[in-house]
file work.txt (compact mmCIF, C-alpha atoms)
# COMPACT_ATOMS: atom_id res chain seq x y z
CA MET A 22 -7.33 10.66 24.71
CA TYR A 23 -3.64 10.22 23.95
CA LYS A 24 -0.41 11.54 25.32
CA GLU A 25 1.01 14.50 23.47
CA PRO A 26 4.43 13.55 22.07
CA ASN A 27 7.57 14.69 23.83
CA HIS A 28 9.96 15.69 21.08
CA GLN A 29 12.74 16.50 23.55
CA CYS A 30 14.95 13.44 23.96
CA SER A 31 17.27 13.28 26.94
CA PHE A 32 20.84 14.45 26.42
CA PHE A 33 22.24 10.93 26.59
CA GLY A 34 19.45 9.56 24.41
CA SER A 35 20.10 12.13 21.70
CA MET A 36 23.84 11.47 21.86
CA ILE A 37 23.34 7.71 21.54
CA TYR A 38 21.00 8.07 18.58
CA GLU A 39 23.31 10.55 16.85
CA ARG A 40 26.37 8.36 17.26
CA ILE A 41 24.78 4.99 16.47
CA ILE A 42 22.30 5.72 13.66
CA PRO A 43 23.93 6.96 10.42
CA LYS A 44 22.32 9.67 8.33
CA THR A 45 22.15 7.19 5.46
CA HIS A 46 19.82 4.85 7.40
CA PHE A 47 16.53 4.52 5.53
CA LEU A 48 14.44 5.56 8.53
CA LYS A 49 16.42 8.79 8.91
CA GLN A 50 16.11 9.49 5.20
CA LEU A 51 12.37 8.83 5.37
CA SER A 52 11.94 11.23 8.28
CA GLU A 53 13.55 13.94 6.15
CA VAL A 54 10.99 13.38 3.39
CA VAL A 55 7.76 12.54 5.27
CA ASP A 56 6.51 14.09 8.51
CA PHE A 57 4.03 11.59 9.92
CA SER A 58 2.60 14.03 12.45
CA PHE A 59 -0.37 14.48 10.09
CA VAL A 60 -1.61 11.09 11.35
CA ASN A 61 -2.52 12.74 14.68
CA ASP A 62 -4.83 15.21 12.91
CA LEU A 63 -6.45 12.45 10.82
CA CYS A 64 -7.19 10.40 13.95
CA LYS A 65 -7.97 13.10 16.49
CA ASP A 66 -11.72 12.50 16.41
CA LEU A 67 -11.17 8.83 17.34
CA TYR A 68 -9.87 9.76 20.77
CA CYS A 69 -11.72 11.36 23.68
CA ALA A 70 -10.17 14.74 24.51
CA ASP A 71 -10.78 14.81 28.26
CA ASN A 72 -11.66 11.35 29.53
CA GLY A 73 -9.87 8.09 30.24
CA ARG A 74 -6.23 7.19 30.61
CA ALA A 75 -3.97 8.77 28.02
CA GLY A 76 -2.75 6.30 25.42
CA TRP A 77 0.01 6.32 22.85
CA GLU A 78 -0.29 8.99 20.15
CA PRO A 79 -1.65 7.82 16.75
CA ALA A 80 1.46 8.91 14.79
CA LEU A 81 3.70 6.81 17.05
CA MET A 82 1.40 3.80 16.74
CA PHE A 83 1.23 4.18 12.98
CA LYS A 84 5.02 4.25 12.77
CA ILE A 85 5.10 0.93 14.59
CA VAL A 86 2.63 -0.55 12.10
CA PHE A 87 4.75 0.95 9.31
CA LEU A 88 7.87 -0.80 10.67
CA GLN A 89 5.94 -4.04 10.94
CA PHE A 90 5.01 -3.99 7.27
CA LEU A 91 8.33 -2.52 6.12
CA TYR A 92 10.22 -5.47 7.54
CA ASP A 93 7.36 -8.00 7.21
CA ILE A 94 7.26 -9.01 10.88
CA SER A 95 4.46 -9.90 13.29
CA ASP A 96 2.96 -7.86 16.13
CA ARG A 97 5.08 -9.71 18.69
CA GLU A 98 8.23 -9.42 16.58
CA VAL A 99 7.93 -5.67 16.13
CA GLU A 100 7.48 -5.18 19.88
CA GLU A 101 10.63 -7.22 20.52
CA ALA A 102 12.55 -5.28 17.87
CA LEU A 103 11.44 -1.97 19.39
CA THR A 104 12.79 -3.09 22.75
CA PHE A 105 16.35 -3.47 21.46
CA ASN A 106 16.67 -1.73 18.08
CA LEU A 107 17.84 1.87 18.54
CA ALA A 108 16.93 2.90 14.98
CA PHE A 109 13.37 1.71 15.56
CA LYS A 110 13.18 3.54 18.90
CA TRP A 111 14.46 6.75 17.33
CA PHE A 112 12.00 6.46 14.43
CA ILE A 113 8.89 6.17 16.60
CA GLY A 114 10.18 8.80 19.05
CA ILE A 115 10.82 7.05 22.36
CA GLU A 116 13.85 7.14 24.64
CA ALA A 117 16.65 4.61 24.23
CA ASP A 118 15.75 3.00 27.58
CA GLU A 119 11.96 3.32 27.18
CA LEU A 120 9.74 0.29 26.58
CA PRO A 121 7.49 0.36 23.48
CA PRO A 122 3.71 -0.24 23.45
CA ASP A 123 2.59 -3.82 24.05
CA TYR A 124 2.01 -5.83 20.88
CA SER A 125 -1.66 -6.30 21.80
CA CYS A 126 -2.22 -2.57 21.18
CA LEU A 127 -1.49 -2.94 17.48
CA SER A 128 -4.56 -4.95 16.48
CA LYS A 129 -6.76 -2.54 18.45
CA PHE A 130 -5.10 0.42 16.74
CA ARG A 131 -5.61 -1.03 13.25
CA SER A 132 -9.26 -1.77 14.01
CA ARG A 133 -9.80 1.71 15.47
CA LEU A 134 -8.48 3.42 12.35
CA GLY A 135 -10.27 1.11 9.92
CA THR A 136 -10.13 1.44 6.17
CA GLU A 137 -11.22 5.10 6.17
CA ARG A 138 -8.26 6.44 8.19
CA PHE A 139 -5.69 4.20 6.50
CA GLN A 140 -7.08 5.38 3.16
CA GLY A 141 -6.61 8.95 4.41
CA ILE A 142 -2.97 8.23 5.29
CA PHE A 143 -2.43 6.64 1.87
CA ASN A 144 -3.95 9.69 0.16
CA GLN A 145 -1.75 12.01 2.22
CA ILE A 146 1.41 10.19 1.09
CA VAL A 147 0.28 10.42 -2.55
CA GLY A 148 -0.38 14.13 -1.94
CA ILE A 149 3.19 14.57 -0.69
CA ALA A 150 4.47 12.93 -3.87
CA GLN A 151 2.35 15.32 -5.94
CA ALA A 152 3.47 18.36 -3.95
CA LYS A 153 7.11 17.44 -4.53
CA GLY A 154 6.49 17.21 -8.27
CA PHE A 155 7.20 13.48 -8.58
CA ILE A 156 3.87 12.47 -10.14
CA SER A 157 3.79 13.52 -13.79
CA GLN A 158 0.24 12.43 -14.82
CA ARG A 159 1.68 11.45 -18.21
CA LEU A 160 0.58 7.82 -17.97
CA THR A 161 -1.30 5.71 -15.41
CA ILE A 162 -0.80 1.94 -15.46
CA ILE A 163 -3.64 -0.20 -14.10
CA ASP A 164 -3.53 -3.85 -13.09
CA SER A 165 -4.47 -6.30 -10.32
CA THR A 166 -2.77 -9.06 -8.37
CA HIS A 167 -4.14 -11.92 -6.31
CA ILE A 168 -3.74 -12.38 -2.55
CA GLN A 169 -4.20 -15.84 -1.07
CA ALA A 170 -6.63 -16.00 1.86
CA LYS A 171 -5.35 -17.06 5.26
CA VAL A 172 -7.00 -20.49 5.11
CA ASP A 173 -6.02 -24.14 4.87
CA LEU A 174 -7.01 -24.99 1.31
CA PHE A 175 -6.96 -28.73 2.03
CA ARG A 176 -9.74 -28.35 4.61
CA LEU A 177 -12.14 -26.43 2.37
CA VAL A 178 -15.43 -28.14 1.68
CA LYS A 179 -16.37 -27.80 -1.97
CA GLU A 180 -20.03 -27.00 -2.45
CA TYR A 181 -20.70 -26.51 -6.15
CA LYS A 182 -23.31 -24.07 -7.35
CA THR A 183 -25.67 -25.55 -9.91
CA ASP A 184 -26.04 -22.25 -11.77
CA ASP A 185 -22.30 -21.59 -12.13
CA LYS A 186 -20.81 -22.62 -15.46
CA ASP A 187 -17.26 -22.26 -14.11
CA LYS A 188 -18.01 -24.73 -11.29
CA ASP A 189 -16.40 -22.48 -8.68
CA TYR A 190 -17.35 -23.26 -5.13
CA ILE A 191 -18.29 -21.44 -1.97
CA ASP A 192 -17.06 -22.94 1.28
CA LYS A 193 -19.48 -22.31 4.15
CA ASN A 194 -16.89 -23.62 6.63
CA SER A 195 -14.09 -21.32 5.53
CA THR A 196 -12.38 -19.27 8.25
CA ASP A 197 -12.50 -16.34 5.81
CA PRO A 198 -16.08 -16.02 4.53
CA ASP A 199 -15.29 -12.93 2.41
CA ALA A 200 -12.69 -14.73 0.28
CA ARG A 201 -13.73 -16.07 -3.12
CA ILE A 202 -12.35 -18.22 -5.91
CA GLY A 203 -10.58 -16.15 -8.56
CA HIS A 204 -8.90 -17.04 -11.84
CA LYS A 205 -5.28 -16.20 -12.66
CA SER A 206 -5.76 -17.97 -16.00
CA LYS A 207 -8.20 -20.45 -17.53
CA LYS A 208 -6.55 -23.31 -15.65
CA LYS A 209 -5.11 -21.62 -12.54
CA THR A 210 -7.34 -20.48 -9.68
CA PHE A 211 -6.79 -19.03 -6.22
CA TYR A 212 -8.89 -18.53 -3.10
CA GLY A 213 -8.71 -15.05 -1.65
CA TYR A 214 -8.74 -11.44 -2.79
CA LYS A 215 -7.59 -9.13 -5.56
CA MET A 216 -5.78 -5.85 -5.10
CA HIS A 217 -6.37 -3.44 -7.99
CA ILE A 218 -3.97 -0.50 -8.30
CA GLY A 219 -3.22 2.50 -10.46
CA GLU A 220 0.45 3.51 -10.74
CA ASP A 221 2.02 6.66 -12.10
CA ALA A 222 4.38 5.37 -14.80
CA ASP A 223 7.14 7.96 -14.33
CA SER A 224 7.43 8.04 -10.54
CA GLU A 225 6.20 4.45 -10.01
CA VAL A 226 4.11 5.72 -7.10
CA ILE A 227 0.84 3.86 -6.47
CA THR A 228 -1.81 6.55 -6.74
CA ALA A 229 -5.01 4.53 -6.13
CA LEU A 230 -6.05 1.08 -4.96
CA GLU A 231 -9.10 -1.05 -4.33
CA VAL A 232 -9.45 -4.53 -2.81
CA SER A 233 -12.17 -6.99 -3.82
CA PRO A 234 -13.04 -10.67 -3.38
CA GLY A 235 -11.13 -12.84 -5.84
CA ASN A 236 -14.09 -13.49 -8.13
CA GLU A 237 -14.80 -9.88 -9.12
CA PRO A 238 -13.81 -8.88 -12.70
CA ASP A 239 -10.81 -6.61 -13.13
CA GLY A 240 -12.36 -4.48 -15.85
CA GLU A 241 -15.06 -3.04 -13.60
CA LYS A 242 -12.49 -1.36 -11.33
CA LEU A 243 -10.80 0.94 -13.84
CA PRO A 244 -12.68 4.22 -13.15
CA GLY A 245 -11.91 4.09 -9.42
CA LEU A 246 -8.18 3.58 -10.06
CA ILE A 247 -7.63 6.84 -11.90
CA ARG A 248 -6.49 9.64 -9.61
CA GLY A 249 -6.32 13.19 -10.90
CA HIS A 250 -6.39 13.56 -14.68
CA PRO A 251 -3.65 11.54 -16.41
CA GLN A 252 -3.08 12.13 -20.08
CA GLU A 253 -3.20 8.42 -20.84
CA VAL A 254 -4.10 5.04 -19.29
CA THR A 255 -2.79 1.60 -20.18
CA ALA A 256 -3.89 -1.81 -18.89
CA ASP A 257 -4.03 -5.43 -20.04
CA LYS A 258 -6.82 -7.14 -21.99
CA ALA A 259 -8.95 -7.72 -18.89
CA TYR A 260 -9.83 -4.01 -18.98
CA ASP A 261 -10.78 -3.98 -22.67
CA ASN A 262 -14.51 -3.35 -22.59
CA ASP A 263 -16.76 -0.69 -24.10
CA ASP A 264 -17.56 0.95 -20.76
CA ASN A 265 -13.92 1.62 -19.98
CA HIS A 266 -13.17 3.05 -23.44
CA HIS A 267 -16.29 5.25 -23.26
CA TYR A 268 -15.30 6.44 -19.78
CA LEU A 269 -11.78 7.39 -20.85
CA ASN A 270 -13.11 9.13 -23.95
CA GLU A 271 -15.57 11.18 -21.89
CA GLU A 272 -12.77 12.15 -19.48
CA GLU A 273 -10.55 13.08 -22.47
CA ILE A 274 -7.95 10.51 -21.42
CA ARG A 275 -6.16 8.58 -24.13
CA SER A 276 -6.88 4.85 -23.97
CA SER A 277 -3.91 2.56 -24.53
CA ILE A 278 -5.59 -0.52 -23.11
CA ILE A 279 -4.36 -3.68 -24.83
CA ILE A 280 -7.11 -4.95 -27.11
CA LYS A 281 -8.55 -8.46 -27.23
CA LYS A 282 -8.16 -10.33 -30.51
CA ASN A 283 -11.90 -10.94 -30.82
CA ARG A 284 -12.91 -7.27 -30.57
CA THR A 285 -15.36 -6.50 -33.40
CA ASN A 286 -15.64 -2.72 -33.02
CA PRO A 287 -12.06 -1.42 -32.88
CA ASP A 288 -13.17 2.15 -33.65
CA ILE A 289 -14.37 2.63 -30.09
CA ILE A 290 -10.87 2.44 -28.63
CA GLY A 291 -9.37 5.42 -30.40
CA LEU A 292 -5.64 5.61 -31.18
CA ALA A 293 -3.63 3.54 -28.69
CA ASN A 294 0.04 4.28 -28.02
CA PRO A 295 2.22 1.16 -28.45
CA ASN A 296 5.07 2.78 -26.51
CA SER A 297 2.81 3.28 -23.51
CA GLN A 298 1.57 -0.29 -23.74
CA ARG A 299 5.18 -1.45 -23.52
CA GLU A 300 5.51 0.36 -20.19
CA ARG A 301 2.79 -1.77 -18.61
CA PRO A 302 5.25 -4.38 -17.16
CA LYS A 303 6.55 -1.72 -14.76
CA ILE A 304 3.61 -2.48 -12.51
CA GLU A 305 4.63 -6.15 -12.25
CA HIS A 306 7.84 -5.09 -10.47
CA LYS A 307 5.70 -3.26 -7.91
CA PHE A 308 3.60 -6.36 -7.29
CA GLY A 309 6.79 -8.38 -6.90
CA GLU A 310 8.11 -5.93 -4.31
CA LEU A 311 4.84 -6.00 -2.37
CA LYS A 312 4.69 -9.79 -2.29
CA ASN A 313 8.35 -10.73 -1.90
CA ARG A 314 9.43 -8.05 0.59
CA HIS A 315 6.26 -6.98 2.37
CA GLY A 316 4.24 -10.16 2.76
CA LEU A 317 1.38 -9.38 0.39
CA GLY A 318 1.39 -12.83 -1.17
CA GLN A 319 -1.01 -13.97 1.54
CA ALA A 320 -3.52 -12.15 3.71
CA ARG A 321 -2.37 -11.63 7.30
CA TYR A 322 -5.92 -11.45 8.59
CA TRP A 323 -9.45 -12.66 7.83
CA GLY A 324 -12.12 -10.60 6.08
CA LEU A 325 -12.29 -8.03 3.30
CA VAL A 326 -11.94 -5.05 5.66
CA LYS A 327 -8.72 -6.32 7.22
CA ALA A 328 -7.37 -7.43 3.83
CA THR A 329 -7.99 -3.88 2.59
CA ILE A 330 -6.13 -2.44 5.58
CA GLN A 331 -3.20 -4.77 4.90
CA CYS A 332 -3.06 -3.64 1.26
CA LEU A 333 -3.28 0.05 2.19
CA ILE A 334 -0.42 -0.20 4.70
CA SER A 335 1.73 -2.21 2.28
CA CYS A 336 1.17 0.36 -0.46
CA ILE A 337 1.97 3.20 1.96
CA VAL A 338 5.26 1.45 2.73
CA VAL A 339 6.33 0.98 -0.90
CA ASN A 340 5.26 4.53 -1.74
CA CYS A 341 7.38 5.89 1.11
CA LYS A 342 10.34 3.84 -0.09
CA ARG A 343 9.84 5.29 -3.54
CA LEU A 344 9.58 8.85 -2.18
CA VAL A 345 12.93 8.47 -0.43
CA LYS A 346 14.58 7.18 -3.60
CA LEU A 347 13.10 9.95 -5.75
CA ALA A 348 14.14 12.60 -3.21
CA ILE A 349 17.73 11.29 -3.18
CA GLU A 350 17.84 11.23 -6.98
CA LYS A 351 16.51 14.78 -7.10
CA MET A 352 19.12 15.94 -4.59
CA LYS A 353 21.93 14.34 -6.62
CA SER A 354 20.71 16.05 -9.80
CA LEU A 355 20.89 19.54 -8.27
CA PRO A 356 23.93 21.60 -9.23
CA LYS A 357 26.60 21.65 -6.59
CA PRO A 358 27.28 25.06 -5.00
CA VAL A 359 30.39 26.86 -6.16
CA PHE A 360 32.48 28.37 -3.38
CA GLN A 361 34.61 31.35 -4.30
CA ALA A 362 37.85 32.08 -2.55
CA ALA A 363 37.80 35.14 -0.31

call {"tool": "encode", "arguments": {"input": "work.txt", "output": "structure tokens"}}
result
Amino acid sequence: MYKEPNHQCSFFGSMIYERIIPKTHFLKQLSEVVDFSFVNDLCKDLYCADNGRAGWEPALMFKIVFLQFLYDISDREVEEALTFNLAFKWFIGIEADELPPDYSCLSKFRSRLGTERFQGIFNQIVGIAQAKGFISQRLTIIDSTHIQAKVDLFRLVKEYKTDDKDKDYIDKNSTDPDARIGHKSKKKTFYGYKMHIGEDADSEVITALEVSPGNEPDGEKLPGLIRGHPQEVTADKAYDNDDNHHYLNEEEIRSSIIIKKNRTNPDIIGLANPNSQRERPKIEHKFGELKNRHGLGQARYWGLVKATIQCLISCIVVNCKRLVKLAIEKMKSLPKPVFQAA
């Protein structure tokens, strides 16, 4: 069971928050756009209704995890920040003089929710973007990026497989047994995971994602990265295979996947749109934001499940940032009211 939130701050607490935190603060703007109370409904069945000591509510705990990934800080660091940072306290909904949850609660909370609940939260944020009319479905861009495993590469023991032409290795002593060798190019490799995403080209909102070991081919992931029914899909040459073109044709989605030079049956691809193909680099900016500002260059944890949770939370964060920006732009574009003199 968890404690029901008390939305009534004390008089002095409300006054302090109102005077100290400006309306232009990102967390205040976010709270105007997204109401995270839906997290409580998504997680209600994970808590006993009438037994045990009441814990912190799921929405509050999720907001703490959100702050952690927004500012790329550790469990201990976010607890310390919540002790002194008034904007953080206001955002999660505790009093100015109230202590936050202990950092040790965060790992338990993430494990309790698992990939299913974090996927549900991600879907809910995408649904908010759709409800507000930000997602156009004109064009979906698909791509993947690599995530280094949380391991010491110099301590890996290379055990070559005799049946592997690429001579990639599996390390039985690795601290992350789910990680695999992947290829960024013919000469560059990495040890870890891949995050595959679909992004709406107009809103730049991530609409779907999947995480896999680093050795899995990109092209196989395309069908699962299409949310809704976009008019068109573009992706790089890694996705140029017959199955993907057949799938898009059956779904009546225009294929603007970039074609390999050695393709011998170009008729299967239909009529690609060069202008859409030129929009594909938009997704690289999203990967740069995720890695440079939200710590997605390396896995925080070990294992595919926890790597997936990390990717889901990071994508929720960048989607929320995008929602705030789109909402502000929409507000600025509205005609200003005209006041007539009495």

call {"tool": "atom_distance", "arguments": {"input": "work.txt", "atom1": "atom CA of A:Leu292", "atom2": "atom CA of A:Ile274"}}
result
11.2 Å

call {"tool": "closest_residue", "arguments": {"input": "work.txt", "among": "A:Gly76, A:Pro295, A:Gly148, A:Gly203", "to": "A:Ile227", "atoms": "all atoms listed in the file"}}
result
A:Gly148

call {"tool": "residues_around", "arguments": {"input": "work.txt", "residues": "stretch 61-69 of chain A", "least_positions_apart": "6", "cutoff": "12 Å", "atoms": "all atoms listed in the file", "output": "PyMOL selection string"}}
result
chain A and resi 22-26+75-84+130-135+137-145

call {"tool": "closest_residue", "arguments": {"input": "work.txt", "among": "A:Ser224, A:Thr196, A:Thr45, A:Ser297", "to": "A:Asp173", "atoms": "only C-alpha atoms"}}
result
A:Thr196

call {"tool": "closest_residue", "arguments": {"input": "work.txt", "among": "A:Gln89, A:Asn262, A:Thr136, A:Asn236", "to": "A:Asn283", "atoms": "only C-alpha atoms"}}
result
A:Asn262

call {"tool": "residues_around", "arguments": {"input": "work.txt", "residues": "A:Lys209", "least_positions_apart": "4", "cutoff": "12 Å", "atoms": "all atoms listed in the file", "output": "JSON, numbers by chain"}}
result
{"A": [167, 189, 202, 203, 204, 205]}

call {"tool": "write_last_selection", "arguments": {"input": "work.txt", "atoms": "C-alpha atoms", "output": "CSV table (one decimal), in the frame of the given file"}}
result
chain,number,residue,atom,x,y,z
A,167,HIS,CA,-4.1,-11.9,-6.3
A,189,ASP,CA,-16.4,-22.5,-8.7
A,202,ILE,CA,-12.4,-18.2,-5.9
A,203,GLY,CA,-10.6,-16.2,-8.6
A,204,HIS,CA,-8.9,-17.0,-11.8
A,205,LYS,CA,-5.3,-16.2,-12.7

call {"tool": "atom_distance", "arguments": {"input": "work.txt", "atom1": "atom CA of A:Cys126", "atom2": "atom CA of A:Ile85"}}
result
10.5 Å

call {"tool": "closest_atom_pairs", "arguments": {"input": "work.txt", "of": "stretch 221-261 of chain A", "to": "stretch 323-346 of chain A", "cutoff": "8 Å", "atoms": "all atoms listed in the file", "output": "tab-separated table"}}
result
residue	atom	partner	partner_atom	distance
A:Ser224	CA	A:Arg343	CA	7.9
A:Glu225	CA	A:Arg343	CA	7.5
A:Val226	CA	A:Asn340	CA	5.6
A:Ile227	CA	A:Asn340	CA	6.5
A:Leu230	CA	A:Leu333	CA	7.7
A:Glu231	CA	A:Thr329	CA	7.6
A:Val232	CA	A:Thr329	CA	5.6
A:Ser233	CA	A:Leu325	CA	7.2
A:Pro234	CA	A:Leu325	CA	7.2

call {"tool": "residues_around", "arguments": {"input": "work.txt", "residues": "A:Thr166", "least_positions_apart": "6", "cutoff": "10 Å", "atoms": "only C-alpha atoms", "output": "VMD selection string"}}
result
chain A and resid 205 214 to 218 232 235 239 305 308 to 309 312 317 to 318

call {"tool": "atom_distance", "arguments": {"input": "work.txt", "atom1": "atom CA of A:Arg314", "atom2": "atom CA of A:Gln50"}}
result
19.3 Å

call {"tool": "closest_residue", "arguments": {"input": "work.txt", "among": "A:Leu243, A:Ala150, A:Leu311, A:Leu127", "to": "A:Arg97", "atoms": "only C-alpha atoms"}}
result
A:Leu127

call {"tool": "closest_residue", "arguments": {"input": "work.txt", "among": "A:Lys353, A:Arg248, A:Tyr212, A:His306", "to": "A:Ile168", "atoms": "all atoms listed in the file"}}
result
A:Tyr212

call {"tool": "closest_residue", "arguments": {"input": "work.txt", "among": "A:Pro122, A:Leu160, A:Met36, A:Glu100", "to": "A:His250", "atoms": "only C-alpha atoms"}}
result
A:Leu160

call {"tool": "axis_aligned_box", "arguments": {"input": "work.txt", "around": "stretch 282-291 of chain A", "padding_each_side": "4 Å", "output": "JSON"}}
result
{"center_x": -11.9, "center_y": -2.8, "center_z": -31.1, "size_x": 15.5, "size_y": 24.4, "size_z": 13.0}

call {"tool": "build_atoms", "arguments": {"input": "work.txt", "residues": "stretch 291-318 of chain A", "atoms": "N, CA and C atoms", "output": "compact mmCIF listing (two decimals), in the frame of the given file"}}
result
# COMPACT_ATOMS: atom_id res chain seq x y z
N GLY A 291 -10.20 4.28 -30.07
CA GLY A 291 -9.37 5.42 -30.40
C GLY A 291 -7.98 4.98 -30.83
N LEU A 292 -7.00 5.87 -30.71
CA LEU A 292 -5.64 5.61 -31.18
C LEU A 292 -4.76 5.27 -29.99
N ALA A 293 -4.47 3.98 -29.80
CA ALA A 293 -3.63 3.54 -28.69
C ALA A 293 -2.16 3.85 -28.98
N ASN A 294 -1.38 3.98 -27.91
CA ASN A 294 0.04 4.28 -28.02
C ASN A 294 0.85 3.02 -27.70
N PRO A 295 1.45 2.39 -28.69
CA PRO A 295 2.22 1.16 -28.45
C PRO A 295 3.36 1.35 -27.44
N ASN A 296 3.98 2.53 -27.46
CA ASN A 296 5.07 2.78 -26.51
C ASN A 296 4.57 2.76 -25.06
N SER A 297 3.39 3.31 -24.85
CA SER A 297 2.81 3.28 -23.51
C SER A 297 2.44 1.87 -23.10
N GLN A 298 1.93 1.10 -24.04
CA GLN A 298 1.57 -0.29 -23.74
C GLN A 298 2.81 -1.09 -23.33
N ARG A 299 3.95 -0.75 -23.89
CA ARG A 299 5.18 -1.45 -23.52
C ARG A 299 5.67 -1.08 -22.12
N GLU A 300 5.14 -0.02 -21.55
CA GLU A 300 5.51 0.36 -20.19
C GLU A 300 4.71 -0.39 -19.13
N ARG A 301 3.68 -1.10 -19.56
CA ARG A 301 2.79 -1.77 -18.61
C ARG A 301 3.51 -2.73 -17.66
N PRO A 302 4.57 -3.46 -18.08
CA PRO A 302 5.25 -4.38 -17.16
C PRO A 302 5.88 -3.72 -15.94
N LYS A 303 6.01 -2.39 -15.95
CA LYS A 303 6.55 -1.72 -14.76
C LYS A 303 5.76 -2.07 -13.50
N ILE A 304 4.46 -2.24 -13.67
CA ILE A 304 3.61 -2.48 -12.51
C ILE A 304 3.85 -3.87 -11.92
N GLU A 305 4.34 -4.80 -12.75
CA GLU A 305 4.63 -6.15 -12.25
C GLU A 305 5.77 -6.11 -11.24
N HIS A 306 6.74 -5.21 -11.43
CA HIS A 306 7.84 -5.09 -10.47
C HIS A 306 7.30 -4.61 -9.12
N LYS A 307 6.29 -3.75 -9.16
CA LYS A 307 5.70 -3.26 -7.91
C LYS A 307 4.98 -4.39 -7.18
N PHE A 308 4.26 -5.21 -7.92
CA PHE A 308 3.60 -6.36 -7.29
C PHE A 308 4.63 -7.32 -6.70
N GLY A 309 5.74 -7.51 -7.41
CA GLY A 309 6.79 -8.38 -6.90
C GLY A 309 7.38 -7.86 -5.60
N GLU A 310 7.59 -6.55 -5.53
CA GLU A 310 8.11 -5.93 -4.31
C GLU A 310 7.13 -6.11 -3.16
N LEU A 311 5.86 -5.88 -3.42
CA LEU A 311 4.84 -6.00 -2.37
C LEU A 311 4.75 -7.43 -1.83
N LYS A 312 4.86 -8.39 -2.71
CA LYS A 312 4.69 -9.79 -2.29
C LYS A 312 5.98 -10.37 -1.69
N ASN A 313 7.11 -10.10 -2.32
CA ASN A 313 8.35 -10.73 -1.90
C ASN A 313 8.99 -10.07 -0.68
N ARG A 314 8.76 -8.77 -0.50
CA ARG A 314 9.43 -8.05 0.59
C ARG A 314 8.48 -7.60 1.69
N HIS A 315 7.19 -7.53 1.39
CA HIS A 315 6.26 -6.98 2.37
C HIS A 315 5.06 -7.87 2.65
N GLY A 316 5.20 -9.15 2.33
CA GLY A 316 4.24 -10.16 2.76
C GLY A 316 2.86 -10.10 2.16
N LEU A 317 2.72 -9.52 0.96
CA LEU A 317 1.38 -9.38 0.39
C LEU A 317 0.97 -10.58 -0.46
N GLY A 318 1.78 -11.63 -0.45
CA GLY A 318 1.39 -12.83 -1.17
C GLY A 318 0.22 -13.54 -0.52
